[in-house]
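Below you'll find the structure, written out as structure tokens, and then a few comments.
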Amino acid sequence: MLDILGRLATAPQGLSLAALAAVTGAPKTSLLGLLRGLAAEGHAEQRDGLWRLGPEAVGLARAILAAAGDGDLAATARPVLERLAEQAGETAMLAVLAPDRRAMIYADKVESRTALRFAATVGDARPIHCTASGRVMLAFMPPPWPEEFLRGARLPAHSPASVTDRRRLRRLVAETRAQGYAVTLGEATEGVAGVAAPVFDARGAVVAALMLAGPIPRVAPRLAALSRRVREAAREVSRRLGHRPG
């Protein structure tokens, strides 16, 4: 039954009995009995031959999210950050766009236990154009802000490796959007590599970037594996926030 509710949550337009049977692998007769039971309690409803979530399911989802503290993004992401830092051996952080959209702000962090590590302070402001978290926001925020930033924002160099050319930055943002994550090597802080992926809320809006940072000599050889870990962790936080990609 939970599988049925999850499938219906990803299809607000509704699913036919045949489509539900195909994606769940359940026989239509068994599935119909479960759907009727859900409908009797208001958790599902059928209109025009399609099954959708009912009002009771929506209310239950809201109650669960409220009880889990969904209003606190950092609290929701914290256990995922802790596990990511432990598994990767690098500092894990959650970054959000500042209210004025001129910088990224660290909302939470779990530092690596190694002696040589990237040290972060919650509340620190970091540049958008030369950080992995900033490029994630440029890649996944809705218009018009990304284009306004790429067209008119100042792009100062924070290190010799900082990208300050607008055309090159546009290419990197497009690459981030295509691959689903961003990587920077010594651009905001010399010697430090960053890997970030987007975190989405229940509406599908990007609300943060989850990232790893550490010394380039240690991160660069493991870039593929660490990028995969970051993307998986960001997807987990997104799911905890109610995100269900269609």
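In the structure tokens, each chain is lettered A, B, ... as it comes, each chain's residues begin at 1, and ligands are numbered from 1 in order of appearance.
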
Apply DSSP to the backbone of this structure and, from segment 3-245 of chain A, keep only the residues in strand (DSSP E or B); write these as an mmCIF file with all heavy atoms, in the first residue's frame.
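out-v7.cif written:
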```cif
data_model
loop_
_atom_site.group_PDB
_atom_site.id
_atom_site.type_symbol
_atom_site.label_atom_id
_atom_site.label_comp_id
_atom_site.auth_asym_id
_atom_site.auth_seq_id
_atom_site.Cartn_x
_atom_site.Cartn_y
_atom_site.Cartn_z
ATOM 1 N N LEU A 15 -2.849 7.811 -12.456
ATOM 2 C CA LEU A 15 -2.385 6.600 -13.122
ATOM 3 C C LEU A 15 -3.557 5.640 -13.290
ATOM 4 O O LEU A 15 -4.407 5.517 -12.403
ATOM 5 C CB LEU A 15 -1.282 5.914 -12.302
ATOM 6 C CG LEU A 15 0.073 6.621 -12.217
ATOM 7 C CD1 LEU A 15 0.965 5.904 -11.204
ATOM 8 C CD2 LEU A 15 0.749 6.647 -13.584
ATOM 9 N N ALA A 44 -6.895 7.663 -1.396
ATOM 10 C CA ALA A 44 -6.817 7.589 -2.859
ATOM 11 C C ALA A 44 -8.209 7.893 -3.405
ATOM 12 O O ALA A 44 -9.218 7.778 -2.701
ATOM 13 C CB ALA A 44 -6.352 6.214 -3.322
ATOM 14 N N GLU A 45 -8.247 8.298 -4.666
ATOM 15 C CA GLU A 45 -9.534 8.559 -5.304
ATOM 16 C C GLU A 45 -9.404 8.297 -6.799
ATOM 17 O O GLU A 45 -8.313 8.416 -7.375
ATOM 18 C CB GLU A 45 -9.995 9.993 -5.050
ATOM 19 C CG GLU A 45 -9.029 11.068 -5.521
ATOM 20 C CD GLU A 45 -9.494 12.467 -5.109
ATOM 21 O OE1 GLU A 45 -10.340 12.582 -4.220
ATOM 22 O OE2 GLU A 45 -8.975 13.440 -5.695
ATOM 23 N N GLN A 46 -10.511 7.936 -7.418
ATOM 24 C CA GLN A 46 -10.521 7.644 -8.848
ATOM 25 C C GLN A 46 -11.404 8.659 -9.561
ATOM 26 O O GLN A 46 -12.552 8.880 -9.176
ATOM 27 C CB GLN A 46 -11.036 6.235 -9.108
ATOM 28 C CG GLN A 46 -10.918 5.805 -10.573
ATOM 29 C CD GLN A 46 -11.516 4.429 -10.804
ATOM 30 O OE1 GLN A 46 -12.478 4.045 -10.140
ATOM 31 N NE2 GLN A 46 -10.952 3.683 -11.748
ATOM 32 N N ARG A 47 -10.823 9.287 -10.592
ATOM 33 C CA ARG A 47 -11.576 10.226 -11.428
ATOM 34 C C ARG A 47 -11.198 9.989 -12.878
ATOM 35 O O ARG A 47 -10.009 9.900 -13.202
ATOM 36 C CB ARG A 47 -11.265 11.686 -11.054
ATOM 37 C CG ARG A 47 -11.696 12.079 -9.653
ATOM 38 C CD ARG A 47 -11.797 13.609 -9.505
ATOM 39 N NE ARG A 47 -10.599 14.301 -9.961
ATOM 40 C CZ ARG A 47 -9.561 14.579 -9.159
ATOM 41 N NH1 ARG A 47 -9.572 14.194 -7.897
ATOM 42 N NH2 ARG A 47 -8.534 15.252 -9.638
ATOM 43 N N LEU A 50 -8.677 7.314 -13.720
ATOM 44 C CA LEU A 50 -7.317 7.417 -13.206
ATOM 45 C C LEU A 50 -7.325 7.522 -11.684
ATOM 46 O O LEU A 50 -8.192 8.167 -11.093
ATOM 47 C CB LEU A 50 -6.608 8.643 -13.798
ATOM 48 C CG LEU A 50 -6.443 8.666 -15.315
ATOM 49 C CD1 LEU A 50 -5.782 9.978 -15.746
ATOM 50 C CD2 LEU A 50 -5.614 7.475 -15.788
ATOM 51 N N TRP A 51 -6.339 6.884 -11.064
ATOM 52 C CA TRP A 51 -6.203 6.920 -9.611
ATOM 53 C C TRP A 51 -5.232 8.016 -9.199
ATOM 54 O O TRP A 51 -4.168 8.173 -9.791
ATOM 55 C CB TRP A 51 -5.729 5.576 -9.089
ATOM 56 C CG TRP A 51 -6.790 4.513 -9.166
ATOM 57 C CD1 TRP A 51 -7.004 3.639 -10.198
ATOM 58 C CD2 TRP A 51 -7.779 4.243 -8.185
ATOM 59 N NE1 TRP A 51 -8.077 2.834 -9.928
ATOM 60 C CE2 TRP A 51 -8.581 3.168 -8.689
ATOM 61 C CE3 TRP A 51 -8.089 4.778 -6.940
ATOM 62 C CZ2 TRP A 51 -9.641 2.648 -7.978
ATOM 63 C CZ3 TRP A 51 -9.150 4.244 -6.224
ATOM 64 C CH2 TRP A 51 -9.916 3.201 -6.734
ATOM 65 N N ARG A 52 -5.599 8.771 -8.169
ATOM 66 C CA ARG A 52 -4.772 9.859 -7.627
ATOM 67 C C ARG A 52 -4.749 9.774 -6.118
ATOM 68 O O ARG A 52 -5.566 9.075 -5.510
ATOM 69 C CB ARG A 52 -5.342 11.231 -8.042
ATOM 70 C CG ARG A 52 -5.384 11.479 -9.541
ATOM 71 C CD ARG A 52 -6.077 12.801 -9.834
ATOM 72 N NE ARG A 52 -6.040 13.143 -11.254
ATOM 73 C CZ ARG A 52 -6.905 12.694 -12.160
ATOM 74 N NH1 ARG A 52 -7.870 11.885 -11.775
ATOM 75 N NH2 ARG A 52 -6.799 13.052 -13.423
ATOM 76 N N LEU A 53 -3.822 10.521 -5.513
ATOM 77 C CA LEU A 53 -3.821 10.635 -4.063
ATOM 78 C C LEU A 53 -5.091 11.349 -3.606
ATOM 79 O O LEU A 53 -5.540 12.305 -4.236
ATOM 80 C CB LEU A 53 -2.612 11.438 -3.579
ATOM 81 C CG LEU A 53 -1.241 10.759 -3.640
ATOM 82 C CD1 LEU A 53 -0.188 11.704 -3.107
ATOM 83 C CD2 LEU A 53 -1.231 9.450 -2.859
ATOM 84 N N THR A 91 35.198 17.033 4.565
ATOM 85 C CA THR A 91 34.204 17.897 5.188
ATOM 86 C C THR A 91 32.949 17.977 4.336
ATOM 87 O O THR A 91 33.027 18.251 3.135
ATOM 88 C CB THR A 91 34.780 19.304 5.409
ATOM 89 O OG1 THR A 91 35.900 19.209 6.311
ATOM 90 C CG2 THR A 91 33.742 20.243 6.001
ATOM 91 N N ALA A 92 31.796 17.726 4.956
ATOM 92 C CA ALA A 92 30.511 17.792 4.271
ATOM 93 C C ALA A 92 29.769 19.044 4.731
ATOM 94 O O ALA A 92 29.779 19.367 5.924
ATOM 95 C CB ALA A 92 29.681 16.554 4.563
ATOM 96 N N MET A 93 29.125 19.736 3.785
ATOM 97 C CA MET A 93 28.457 20.997 4.108
ATOM 98 C C MET A 93 27.132 21.117 3.379
ATOM 99 O O MET A 93 26.925 20.498 2.328
ATOM 100 C CB MET A 93 29.354 22.180 3.728
ATOM 101 C CG MET A 93 30.608 22.300 4.570
ATOM 102 S SD MET A 93 31.828 23.390 3.802
ATOM 103 C CE MET A 93 32.334 22.411 2.400
ATOM 104 N N LEU A 94 26.282 21.955 3.957
ATOM 105 C CA LEU A 94 25.023 22.337 3.329
ATOM 106 C C LEU A 94 25.080 23.840 3.109
ATOM 107 O O LEU A 94 25.304 24.602 4.053
ATOM 108 C CB LEU A 94 23.837 21.978 4.227
ATOM 109 C CG LEU A 94 22.448 22.191 3.637
ATOM 110 C CD1 LEU A 94 22.164 21.118 2.583
ATOM 111 C CD2 LEU A 94 21.392 22.138 4.734
ATOM 112 N N ALA A 95 24.916 24.270 1.865
ATOM 113 C CA ALA A 95 25.005 25.696 1.534
ATOM 114 C C ALA A 95 23.704 26.176 0.913
ATOM 115 O O ALA A 95 23.095 25.468 0.111
ATOM 116 C CB ALA A 95 26.163 25.947 0.564
ATOM 117 N N VAL A 96 23.284 27.366 1.304
ATOM 118 C CA VAL A 96 22.066 27.968 0.760
ATOM 119 C C VAL A 96 22.391 29.325 0.157
ATOM 120 O O VAL A 96 23.402 29.951 0.503
ATOM 121 C CB VAL A 96 20.971 28.116 1.842
ATOM 122 C CG1 VAL A 96 20.578 26.760 2.391
ATOM 123 C CG2 VAL A 96 21.444 29.032 2.967
ATOM 124 N N LEU A 97 21.540 29.778 -0.731
ATOM 125 C CA LEU A 97 21.708 31.082 -1.353
ATOM 126 C C LEU A 97 21.333 32.171 -0.348
ATOM 127 O O LEU A 97 20.296 32.087 0.312
ATOM 128 C CB LEU A 97 20.841 31.173 -2.599
ATOM 129 C CG LEU A 97 21.102 32.307 -3.600
ATOM 130 C CD1 LEU A 97 22.515 32.239 -4.154
ATOM 131 C CD2 LEU A 97 20.079 32.227 -4.730
ATOM 132 N N MET A 104 26.796 32.478 -1.320
ATOM 133 C CA MET A 104 26.330 31.237 -0.726
ATOM 134 C C MET A 104 26.668 31.280 0.762
ATOM 135 O O MET A 104 27.723 31.789 1.152
ATOM 136 C CB MET A 104 27.009 30.024 -1.377
ATOM 137 C CG MET A 104 26.709 29.851 -2.862
ATOM 138 S SD MET A 104 24.948 29.625 -3.232
ATOM 139 C CE MET A 104 24.600 28.083 -2.364
ATOM 140 N N ILE A 105 25.775 30.729 1.580
ATOM 141 C CA ILE A 105 25.954 30.721 3.027
ATOM 142 C C ILE A 105 25.981 29.279 3.518
ATOM 143 O O ILE A 105 25.112 28.474 3.151
ATOM 144 C CB ILE A 105 24.813 31.471 3.750
ATOM 145 C CG1 ILE A 105 24.669 32.887 3.200
ATOM 146 C CG2 ILE A 105 25.039 31.479 5.265
ATOM 147 C CD1 ILE A 105 25.824 33.798 3.517
ATOM 148 N N TYR A 106 26.977 28.948 4.361
ATOM 149 C CA TYR A 106 27.009 27.612 4.938
ATOM 150 C C TYR A 106 25.941 27.513 6.030
ATOM 151 O O TYR A 106 25.998 28.214 7.033
ATOM 152 C CB TYR A 106 28.379 27.307 5.539
ATOM 153 C CG TYR A 106 29.475 27.138 4.515
ATOM 154 C CD1 TYR A 106 30.772 27.572 4.772
ATOM 155 C CD2 TYR A 106 29.229 26.519 3.295
ATOM 156 C CE1 TYR A 106 31.783 27.419 3.845
ATOM 157 C CE2 TYR A 106 30.225 26.359 2.354
ATOM 158 C CZ TYR A 106 31.505 26.813 2.641
ATOM 159 O OH TYR A 106 32.500 26.657 1.710
ATOM 160 N N ALA A 107 24.958 26.625 5.830
ATOM 161 C CA ALA A 107 23.882 26.438 6.804
ATOM 162 C C ALA A 107 24.239 25.381 7.837
ATOM 163 O O ALA A 107 23.730 25.404 8.958
ATOM 164 C CB ALA A 107 22.591 26.041 6.090
ATOM 165 N N ASP A 108 25.108 24.446 7.484
ATOM 166 C CA ASP A 108 25.558 23.420 8.425
ATOM 167 C C ASP A 108 26.808 22.761 7.859
ATOM 168 O O ASP A 108 27.072 22.833 6.644
ATOM 169 C CB ASP A 108 24.474 22.376 8.657
ATOM 170 C CG ASP A 108 24.699 21.562 9.932
ATOM 171 O OD1 ASP A 108 25.604 21.931 10.719
ATOM 172 O OD2 ASP A 108 23.986 20.564 10.143
ATOM 173 N N LYS A 109 27.573 22.108 8.724
ATOM 174 C CA LYS A 109 28.789 21.425 8.267
ATOM 175 C C LYS A 109 29.162 20.339 9.253
ATOM 176 O O LYS A 109 28.861 20.408 10.446
ATOM 177 C CB LYS A 109 29.935 22.427 8.094
ATOM 178 C CG LYS A 109 30.221 23.266 9.347
ATOM 179 C CD LYS A 109 31.287 22.718 10.251
ATOM 180 C CE LYS A 109 31.548 23.622 11.437
ATOM 181 N NZ LYS A 109 32.646 23.164 12.283
ATOM 182 N N VAL A 110 29.818 19.318 8.716
ATOM 183 C CA VAL A 110 30.425 18.258 9.522
ATOM 184 C C VAL A 110 31.841 18.106 8.999
ATOM 185 O O VAL A 110 32.038 17.673 7.860
ATOM 186 C CB VAL A 110 29.658 16.925 9.403
ATOM 187 C CG1 VAL A 110 30.370 15.839 10.219
ATOM 188 C CG2 VAL A 110 28.223 17.091 9.877
ATOM 189 N N ALA A 125 30.022 33.300 4.370
ATOM 190 C CA ALA A 125 29.553 33.635 3.018
ATOM 191 C C ALA A 125 30.646 33.283 2.016
ATOM 192 O O ALA A 125 31.817 33.606 2.234
ATOM 193 C CB ALA A 125 29.208 35.115 2.930
ATOM 194 N N ARG A 126 30.279 32.637 0.928
ATOM 195 C CA ARG A 126 31.230 32.223 -0.100
ATOM 196 C C ARG A 126 30.758 32.742 -1.456
ATOM 197 O O ARG A 126 29.561 32.898 -1.708
ATOM 198 C CB ARG A 126 31.344 30.698 -0.143
ATOM 199 C CG ARG A 126 31.683 30.079 1.195
ATOM 200 C CD ARG A 126 33.043 30.516 1.695
ATOM 201 N NE ARG A 126 34.106 29.950 0.877
ATOM 202 C CZ ARG A 126 35.353 30.430 0.831
ATOM 203 N NH1 ARG A 126 35.655 31.511 1.515
ATOM 204 N NH2 ARG A 126 36.258 29.841 0.094
ATOM 205 N N ALA A 182 28.497 19.801 -9.592
ATOM 206 C CA ALA A 182 29.546 20.754 -9.969
ATOM 207 C C ALA A 182 30.841 20.410 -9.239
ATOM 208 O O ALA A 182 30.815 19.907 -8.110
ATOM 209 C CB ALA A 182 29.120 22.175 -9.622
ATOM 210 N N VAL A 183 31.952 20.721 -9.885
ATOM 211 C CA VAL A 183 33.279 20.501 -9.293
ATOM 212 C C VAL A 183 34.112 21.757 -9.464
ATOM 213 O O VAL A 183 34.112 22.371 -10.540
ATOM 214 C CB VAL A 183 34.008 19.321 -9.978
ATOM 215 C CG1 VAL A 183 35.425 19.180 -9.427
ATOM 216 C CG2 VAL A 183 33.244 18.029 -9.782
ATOM 217 N N THR A 184 34.801 22.172 -8.410
ATOM 218 C CA THR A 184 35.772 23.257 -8.509
ATOM 219 C C THR A 184 37.093 22.775 -7.918
ATOM 220 O O THR A 184 37.108 22.017 -6.942
ATOM 221 C CB THR A 184 35.313 24.520 -7.762
ATOM 222 O OG1 THR A 184 35.009 24.185 -6.403
ATOM 223 C CG2 THR A 184 34.087 25.131 -8.422
ATOM 224 N N LEU A 185 38.186 23.229 -8.500
ATOM 225 C CA LEU A 185 39.522 22.842 -8.046
ATOM 226 C C LEU A 185 40.328 24.096 -7.741
ATOM 227 O O LEU A 185 40.854 24.747 -8.643
ATOM 228 C CB LEU A 185 40.229 21.993 -9.107
ATOM 229 C CG LEU A 185 39.541 20.669 -9.475
ATOM 230 C CD1 LEU A 185 40.265 19.995 -10.637
ATOM 231 C CD2 LEU A 185 39.507 19.736 -8.263
ATOM 232 N N VAL A 192 42.018 23.712 -2.447
ATOM 233 C CA VAL A 192 40.815 23.027 -1.973
ATOM 234 C C VAL A 192 39.908 22.674 -3.154
ATOM 235 O O VAL A 192 39.621 23.510 -4.005
ATOM 236 C CB VAL A 192 40.032 23.902 -0.971
ATOM 237 C CG1 VAL A 192 38.700 23.242 -0.605
ATOM 238 C CG2 VAL A 192 40.868 24.140 0.275
ATOM 239 N N ALA A 193 39.440 21.426 -3.173
ATOM 240 C CA ALA A 193 38.495 20.965 -4.184
ATOM 241 C C ALA A 193 37.101 20.899 -3.574
ATOM 242 O O ALA A 193 36.941 20.563 -2.399
ATOM 243 C CB ALA A 193 38.892 19.587 -4.702
ATOM 244 N N GLY A 194 36.096 21.221 -4.373
ATOM 245 C CA GLY A 194 34.710 21.144 -3.924
ATOM 246 C C GLY A 194 33.861 20.373 -4.901
ATOM 247 O O GLY A 194 34.041 20.488 -6.120
ATOM 248 N N VAL A 195 32.938 19.576 -4.384
ATOM 249 C CA VAL A 195 31.982 18.828 -5.200
ATOM 250 C C VAL A 195 30.603 19.074 -4.608
ATOM 251 O O VAL A 195 30.410 18.892 -3.397
ATOM 252 C CB VAL A 195 32.270 17.317 -5.199
ATOM 253 C CG1 VAL A 195 31.314 16.597 -6.152
ATOM 254 C CG2 VAL A 195 33.709 17.035 -5.565
ATOM 255 N N ALA A 196 29.635 19.498 -5.412
ATOM 256 C CA ALA A 196 28.301 19.836 -4.897
ATOM 257 C C ALA A 196 27.211 19.314 -5.809
ATOM 258 O O ALA A 196 27.395 19.205 -7.022
ATOM 259 C CB ALA A 196 28.161 21.348 -4.730
ATOM 260 N N ALA A 197 26.053 19.023 -5.203
ATOM 261 C CA ALA A 197 24.870 18.573 -5.938
ATOM 262 C C ALA A 197 23.636 19.267 -5.358
ATOM 263 O O ALA A 197 23.646 19.685 -4.195
ATOM 264 C CB ALA A 197 24.712 17.055 -5.845
ATOM 265 N N PRO A 198 22.572 19.416 -6.152
ATOM 266 C CA PRO A 198 21.394 20.157 -5.703
ATOM 267 C C PRO A 198 20.499 19.367 -4.750
ATOM 268 O O PRO A 198 20.367 18.147 -4.864
ATOM 269 C CB PRO A 198 20.657 20.465 -7.009
ATOM 270 C CG PRO A 198 21.028 19.331 -7.912
ATOM 271 C CD PRO A 198 22.442 18.985 -7.564
ATOM 272 N N VAL A 199 19.861 20.108 -3.831
ATOM 273 C CA VAL A 199 18.850 19.559 -2.934
ATOM 274 C C VAL A 199 17.523 20.210 -3.312
ATOM 275 O O VAL A 199 17.426 21.439 -3.387
ATOM 276 C CB VAL A 199 19.181 19.855 -1.459
ATOM 277 C CG1 VAL A 199 18.026 19.431 -0.550
ATOM 278 C CG2 VAL A 199 20.477 19.143 -1.056
ATOM 279 N N PHE A 200 16.494 19.388 -3.552
ATOM 280 C CA PHE A 200 15.182 19.880 -3.972
ATOM 281 C C PHE A 200 14.146 19.651 -2.877
ATOM 282 O O PHE A 200 14.231 18.674 -2.132
ATOM 283 C CB PHE A 200 14.732 19.168 -5.247
ATOM 284 C CG PHE A 200 15.655 19.352 -6.419
ATOM 285 C CD1 PHE A 200 16.608 18.392 -6.725
ATOM 286 C CD2 PHE A 200 15.571 20.492 -7.211
ATOM 287 C CE1 PHE A 200 17.455 18.553 -7.813
ATOM 288 C CE2 PHE A 200 16.422 20.665 -8.299
ATOM 289 C CZ PHE A 200 17.370 19.698 -8.596
ATOM 290 N N VAL A 206 14.914 23.933 -6.121
ATOM 291 C CA VAL A 206 16.211 23.745 -5.487
ATOM 292 C C VAL A 206 16.307 24.685 -4.287
ATOM 293 O O VAL A 206 16.046 25.876 -4.389
ATOM 294 C CB VAL A 206 17.367 23.989 -6.485
ATOM 295 C CG1 VAL A 206 17.361 25.412 -7.046
ATOM 296 C CG2 VAL A 206 18.720 23.682 -5.847
ATOM 297 N N VAL A 207 16.649 24.133 -3.125
ATOM 298 C CA VAL A 207 16.683 24.918 -1.887
ATOM 299 C C VAL A 207 18.070 24.986 -1.276
ATOM 300 O O VAL A 207 18.314 25.796 -0.372
ATOM 301 C CB VAL A 207 15.688 24.357 -0.849
ATOM 302 C CG1 VAL A 207 14.251 24.571 -1.302
ATOM 303 C CG2 VAL A 207 15.957 22.875 -0.564
ATOM 304 N N ALA A 208 18.979 24.155 -1.737
ATOM 305 C CA ALA A 208 20.328 24.139 -1.156
ATOM 306 C C ALA A 208 21.256 23.342 -2.059
ATOM 307 O O ALA A 208 20.822 22.698 -3.021
ATOM 308 C CB ALA A 208 20.298 23.528 0.245
ATOM 309 N N ALA A 209 22.532 23.408 -1.719
ATOM 310 C CA ALA A 209 23.532 22.563 -2.361
ATOM 311 C C ALA A 209 24.230 21.767 -1.271
ATOM 312 O O ALA A 209 24.609 22.324 -0.233
ATOM 313 C CB ALA A 209 24.545 23.400 -3.131
ATOM 314 N N LEU A 210 24.351 20.484 -1.472
ATOM 315 C CA LEU A 210 25.089 19.634 -0.546
ATOM 316 C C LEU A 210 26.457 19.393 -1.151
ATOM 317 O O LEU A 210 26.563 19.077 -2.330
ATOM 318 C CB LEU A 210 24.335 18.330 -0.328
ATOM 319 C CG LEU A 210 24.861 17.413 0.769
ATOM 320 C CD1 LEU A 210 23.709 16.688 1.452
ATOM 321 C CD2 LEU A 210 25.836 16.389 0.203
ATOM 322 N N MET A 211 27.504 19.539 -0.338
ATOM 323 C CA MET A 211 28.841 19.475 -0.928
ATOM 324 C C MET A 211 29.876 18.825 -0.027
ATOM 325 O O MET A 211 29.692 18.725 1.195
ATOM 326 C CB MET A 211 29.308 20.875 -1.317
ATOM 327 C CG MET A 211 29.459 21.845 -0.173
ATOM 328 S SD MET A 211 30.056 23.472 -0.725
ATOM 329 C CE MET A 211 31.682 23.063 -1.370
ATOM 330 N N LEU A 212 30.945 18.385 -0.652
ATOM 331 C CA LEU A 212 32.149 17.906 0.019
ATOM 332 C C LEU A 212 33.297 18.825 -0.354
ATOM 333 O O LEU A 212 33.362 19.309 -1.486
ATOM 334 C CB LEU A 212 32.506 16.488 -0.417
ATOM 335 C CG LEU A 212 31.795 15.305 0.227
ATOM 336 C CD1 LEU A 212 32.257 14.021 -0.454
ATOM 337 C CD2 LEU A 212 32.087 15.230 1.723
ATOM 338 N N ALA A 213 34.231 19.056 0.579
ATOM 339 C CA ALA A 213 35.411 19.858 0.283
ATOM 340 C C ALA A 213 36.607 19.251 0.999
ATOM 341 O O ALA A 213 36.494 18.759 2.128
ATOM 342 C CB ALA A 213 35.217 21.307 0.720
ATOM 343 N N GLY A 214 37.752 19.292 0.327
ATOM 344 C CA GLY A 214 38.979 18.752 0.916
ATOM 345 C C GLY A 214 40.187 19.122 0.086
ATOM 346 O O GLY A 214 40.058 19.743 -0.983
ATOM 347 N N PRO A 215 41.377 18.757 0.530
ATOM 348 C CA PRO A 215 42.602 19.061 -0.216
ATOM 349 C C PRO A 215 42.579 18.435 -1.606
ATOM 350 O O PRO A 215 42.192 17.279 -1.766
ATOM 351 C CB PRO A 215 43.705 18.447 0.648
ATOM 352 C CG PRO A 215 43.105 18.312 2.017
ATOM 353 C CD PRO A 215 41.651 18.034 1.792
#
```

For Ser162 of chain A: contacts at 6 Å, only C-alpha atoms, fewer than 4 positions along chain excluded, given as a list of chain:residue names:
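Once the nearby chain positions are removed, what remains is A:Cys130, A:Ala157, A:His158, A:Glu187.
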
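With atom CA of Arg170 of chain A on one side and atom CA of Ala188 of chain A on the other, the separation reads 17.3 Å.
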
Selected residue, from A:Arg167, A:Ala202, A:Leu223, A:Phe149, that lies nearest to Asp100 of chain A when counting only C-alpha atoms:
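Closest to Asp100 of chain A, using only C-alpha atoms: A:Phe149.
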
As an exercise, work out the distance from atom CA of Ile128 of chain A to atom CA of Leu116 of chain A in Å and give it to one decimal place.
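Interatomic distance, atom CA of Ile128 of chain A to atom CA of Leu116 of chain A: 24.9 Å.
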
Just list the residues in segment 124-179 of chain A DSSP gives helix (DSSP H, G or I) on the backbone, as a ChimeraX atom specification.
/A:132-140,145-152,166-179

Output for the residues just chosen: N, CA and C atoms as a CSV table (one decimal), in the first residue's frame:
```csv
chain,number,residue,atom,x,y,z
A,132,ALA,N,31.5,25.4,-6.0
A,132,ALA,CA,30.7,24.3,-6.6
A,132,ALA,C,29.2,24.5,-6.2
A,133,SER,N,29.0,24.9,-4.9
A,133,SER,CA,27.6,25.1,-4.5
A,133,SER,C,27.0,26.3,-5.2
A,134,GLY,N,27.7,27.3,-5.5
A,134,GLY,CA,27.2,28.5,-6.2
A,134,GLY,C,26.8,28.1,-7.7
A,135,ARG,N,27.6,27.3,-8.3
A,135,ARG,CA,27.3,26.8,-9.7
A,135,ARG,C,26.1,25.9,-9.7
A,136,VAL,N,25.9,25.1,-8.7
A,136,VAL,CA,24.7,24.3,-8.6
A,136,VAL,C,23.4,25.2,-8.6
A,137,MET,N,23.5,26.3,-7.8
A,137,MET,CA,22.3,27.2,-7.7
A,137,MET,C,22.1,27.9,-9.1
A,138,LEU,N,23.2,28.3,-9.7
A,138,LEU,CA,23.1,28.9,-11.1
A,138,LEU,C,22.5,27.9,-12.1
A,139,ALA,N,22.8,26.6,-11.9
A,139,ALA,CA,22.4,25.6,-12.9
A,139,ALA,C,20.9,25.2,-12.7
A,140,PHE,N,20.4,25.3,-11.4
A,140,PHE,CA,19.1,24.7,-11.1
A,140,PHE,C,18.1,25.7,-10.6
A,145,TRP,N,16.7,34.8,-12.3
A,145,TRP,CA,18.0,35.1,-11.6
A,145,TRP,C,19.2,34.6,-12.2
A,146,PRO,N,19.3,33.3,-12.5
A,146,PRO,CA,20.6,32.8,-13.1
A,146,PRO,C,21.1,33.6,-14.2
A,147,GLU,N,20.3,34.0,-15.2
A,147,GLU,CA,20.7,34.8,-16.3
A,147,GLU,C,21.1,36.2,-15.9
A,148,GLU,N,20.4,36.8,-15.0
A,148,GLU,CA,20.7,38.1,-14.5
A,148,GLU,C,22.1,38.1,-13.9
A,149,PHE,N,22.4,37.0,-13.1
A,149,PHE,CA,23.7,36.9,-12.4
A,149,PHE,C,24.8,36.8,-13.5
A,150,LEU,N,24.6,35.8,-14.4
A,150,LEU,CA,25.6,35.5,-15.4
A,150,LEU,C,25.9,36.7,-16.3
A,151,ARG,N,24.9,37.6,-16.5
A,151,ARG,CA,25.0,38.7,-17.4
A,151,ARG,C,25.7,39.9,-16.7
A,152,GLY,N,25.4,40.1,-15.4
A,152,GLY,CA,25.8,41.4,-14.8
A,152,GLY,C,26.6,41.4,-13.5
A,166,ARG,N,32.9,35.3,-18.4
A,166,ARG,CA,31.5,35.0,-18.4
A,166,ARG,C,31.2,33.8,-19.4
A,167,ARG,N,31.8,33.8,-20.5
A,167,ARG,CA,31.5,32.7,-21.5
A,167,ARG,C,31.9,31.3,-20.9
A,168,ARG,N,33.0,31.3,-20.3
A,168,ARG,CA,33.5,30.0,-19.7
A,168,ARG,C,32.6,29.6,-18.5
A,169,LEU,N,32.2,30.6,-17.7
A,169,LEU,CA,31.3,30.3,-16.6
A,169,LEU,C,30.0,29.8,-17.1
A,170,ARG,N,29.4,30.3,-18.2
A,170,ARG,CA,28.2,29.8,-18.7
A,170,ARG,C,28.3,28.4,-19.2
A,171,ARG,N,29.5,28.0,-19.8
A,171,ARG,CA,29.7,26.7,-20.2
A,171,ARG,C,29.7,25.7,-19.0
A,172,LEU,N,30.4,26.2,-17.9
A,172,LEU,CA,30.5,25.4,-16.7
A,172,LEU,C,29.1,25.2,-16.0
A,173,VAL,N,28.3,26.2,-16.0
A,173,VAL,CA,26.9,26.1,-15.5
A,173,VAL,C,26.1,25.1,-16.3
A,174,ALA,N,26.2,25.2,-17.6
A,174,ALA,CA,25.5,24.2,-18.5
A,174,ALA,C,26.0,22.8,-18.3
A,175,GLU,N,27.3,22.7,-18.1
A,175,GLU,CA,27.8,21.3,-17.8
A,175,GLU,C,27.3,20.8,-16.4
A,176,THR,N,27.2,21.7,-15.4
A,176,THR,CA,26.6,21.3,-14.1
A,176,THR,C,25.2,20.8,-14.3
A,177,ARG,N,24.4,21.6,-15.0
A,177,ARG,CA,23.0,21.2,-15.2
A,177,ARG,C,22.9,19.8,-15.9
A,178,ALA,N,23.8,19.6,-16.9
A,178,ALA,CA,23.7,18.3,-17.7
A,178,ALA,C,24.1,17.1,-16.8
A,179,GLN,N,25.2,17.3,-16.0
A,179,GLN,CA,25.7,16.1,-15.3
A,179,GLN,C,25.1,16.0,-13.9
```

Ala233 of chain A environment, 8 Å, only C-alpha atoms, sequence neighbours closer than 4 positions dropped, as a list of chain:residue names
A:Val80, A:Leu81, A:Leu84, A:Leu210, A:Arg229, A:Val237

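Here atom CA of Ala234 of chain A stands at a distance of 18.1 Å from atom CA of Arg222 of chain A.
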